[in-house]
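Read the structure below first, then the notes.
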Amino acid sequence: MSDKTIRILRGPGGEVEVEGTVDAFAASVLARAGFDTYPTLRSVWIRLPFDLGRTWENEHASWAAEMLTAARYSVDLDPDLRSAPPAASAPPAPRRTKTAVTAQPAPAGTPRRHGR
């Protein structure tokens, strides 16, 4: 793990890319989040695929930042890339519980089968 910060940002061409020192483990975490690695003359270029939509890019960039942070890397995520938290406008559906009507035993005169 490197002491230097890994930056995930939106580049000048609109692509989501990674800057900083990335070791093999960090590269595998980024790959798991959907980032591609391309060799260049001096190092590697790590970025998300193009044209998959801003929402998808933001979700995957945020996911990568969360995983790297959990692995104790210092991560700087561009505020423009933070995915929106899940909508909390509707409360969760109530859990269905057994009621007196649904939990009644079979009538006494009904024969029971035991799987034989």
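In the structure tokens, the first chain shown is A, the next is B, and so on; residue numbers restart at 1 for each chain, and ligands run from 1 in the order shown.
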**Selection near His60 (chain A), 10 Å with only C-alpha atoms, sequence-local residues under 2 positions removed, as a PyMOL selection string** = chain A and resi 16+30+32-35+48+54-58+62-66+81-83
**Request:** Just the helix (DSSP H, G or I) stuff from region 26-89 of chain A, please, per backbone DSSP, written as a list in words.
**Result:**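 The residues of region 26-89 of chain A classed as helix (DSSP H, G or I) are Ala26, Ala27, Ser28, Val29, Leu30, Ala31, Arg32, Arg54, Thr55, Trp56, Glu57, Asn58, Glu59, His60, Ala61, Ser62, Trp63, Ala64, Ala65, Glu66, Met67, Leu68, Thr69, Ala70, Pro79, Asp80 and Leu81 of chain A.
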**Asked** What lies within 9 Å of Arg7 (chain A) using only C-alpha atoms, ignoring chain neighbours under 3 positions off, as a PyMOL selection string?
**Response** chain A and resi 17-20+65+74-78
Could you write out the selected residues, including all heavy atoms, as a CSV table (one decimal), in the first residue's frame?
chain,number,residue,atom,x,y,z
A,17,GLU,N,-11.0,8.9,-14.7
A,17,GLU,CA,-9.7,8.3,-14.7
A,17,GLU,C,-9.1,8.4,-13.3
A,17,GLU,O,-9.6,9.1,-12.4
A,17,GLU,CB,-8.8,9.0,-15.7
A,17,GLU,CG,-8.6,10.5,-15.5
A,17,GLU,CD,-7.9,11.1,-16.7
A,17,GLU,OE1,-7.7,10.5,-17.7
A,17,GLU,OE2,-7.5,12.3,-16.5
A,18,VAL,N,-8.0,7.6,-13.1
A,18,VAL,CA,-7.3,7.5,-11.8
A,18,VAL,C,-5.9,8.1,-12.0
A,18,VAL,O,-5.2,7.8,-12.9
A,18,VAL,CB,-7.2,6.0,-11.4
A,18,VAL,CG1,-6.4,5.9,-10.1
A,18,VAL,CG2,-8.6,5.4,-11.2
A,19,GLU,N,-5.5,8.9,-11.0
A,19,GLU,CA,-4.2,9.5,-10.9
A,19,GLU,C,-3.5,9.0,-9.6
A,19,GLU,O,-4.2,8.8,-8.6
A,19,GLU,CB,-4.2,11.0,-11.0
A,19,GLU,CG,-4.7,11.5,-12.3
A,19,GLU,CD,-4.7,13.1,-12.4
A,19,GLU,OE1,-4.5,13.7,-11.3
A,19,GLU,OE2,-4.9,13.6,-13.4
A,20,GLY,N,-2.2,9.0,-9.6
A,20,GLY,CA,-1.5,8.6,-8.4
A,20,GLY,C,-0.8,7.3,-8.6
A,20,GLY,O,-0.9,6.6,-9.6
A,65,ALA,N,-13.9,4.0,-4.8
A,65,ALA,CA,-13.4,4.8,-3.7
A,65,ALA,C,-13.7,4.2,-2.4
A,65,ALA,O,-12.8,4.1,-1.5
A,65,ALA,CB,-13.9,6.2,-3.8
A,74,SER,N,-5.5,5.9,0.8
A,74,SER,CA,-5.9,7.3,0.9
A,74,SER,C,-6.5,7.6,-0.5
A,74,SER,O,-5.8,7.5,-1.5
A,74,SER,CB,-4.7,8.2,1.2
A,74,SER,OG,-5.1,9.6,1.1
A,75,VAL,N,-7.8,8.0,-0.5
A,75,VAL,CA,-8.5,8.2,-1.8
A,75,VAL,C,-9.1,9.6,-1.8
A,75,VAL,O,-9.7,10.0,-0.8
A,75,VAL,CB,-9.6,7.1,-2.0
A,75,VAL,CG1,-10.3,7.4,-3.3
A,75,VAL,CG2,-9.0,5.7,-1.9
A,76,ASP,N,-8.9,10.3,-2.9
A,76,ASP,CA,-9.6,11.6,-3.2
A,76,ASP,C,-10.5,11.4,-4.3
A,76,ASP,O,-10.1,11.2,-5.5
A,76,ASP,CB,-8.5,12.6,-3.5
A,76,ASP,CG,-9.1,14.0,-3.7
A,76,ASP,OD1,-10.2,14.2,-3.3
A,76,ASP,OD2,-8.4,14.8,-4.4
A,77,LEU,N,-11.8,11.4,-4.1
A,77,LEU,CA,-12.9,11.2,-5.1
A,77,LEU,C,-13.4,12.6,-5.5
A,77,LEU,O,-13.8,13.3,-4.6
A,77,LEU,CB,-14.0,10.3,-4.6
A,77,LEU,CG,-15.2,10.1,-5.5
A,77,LEU,CD1,-14.7,9.3,-6.8
A,77,LEU,CD2,-16.3,9.3,-4.8
A,78,ASP,N,-13.4,12.9,-6.7
A,78,ASP,CA,-13.9,14.1,-7.2
A,78,ASP,C,-15.4,14.3,-6.8
A,78,ASP,O,-16.1,13.3,-7.0
A,78,ASP,CB,-13.8,14.1,-8.8
A,78,ASP,CG,-14.2,15.5,-9.4
A,78,ASP,OD1,-14.7,16.3,-8.7
A,78,ASP,OD2,-13.9,15.6,-10.6
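The coordinates place CA of Gly53 (chain A) at 27.8 Å from CA of Asp23 (chain A).
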**Asked** CA of Pro49 (chain A) and CA of Asp36 (chain A) are how many Å apart?
**Response**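 Pair CA of Pro49 (chain A) / CA of Asp36 (chain A) returns 6.9 Å.
CA of Tyr73 (chain A) lies 18.8 Å from CA of Trp45 (chain A).
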**Item:** Picked from region 5-83 of chain A by DSSP as strand (DSSP E), as a PyMOL selection string
**Value:** chain A and resi 6-10+16-19+36-39+44-47+75-77
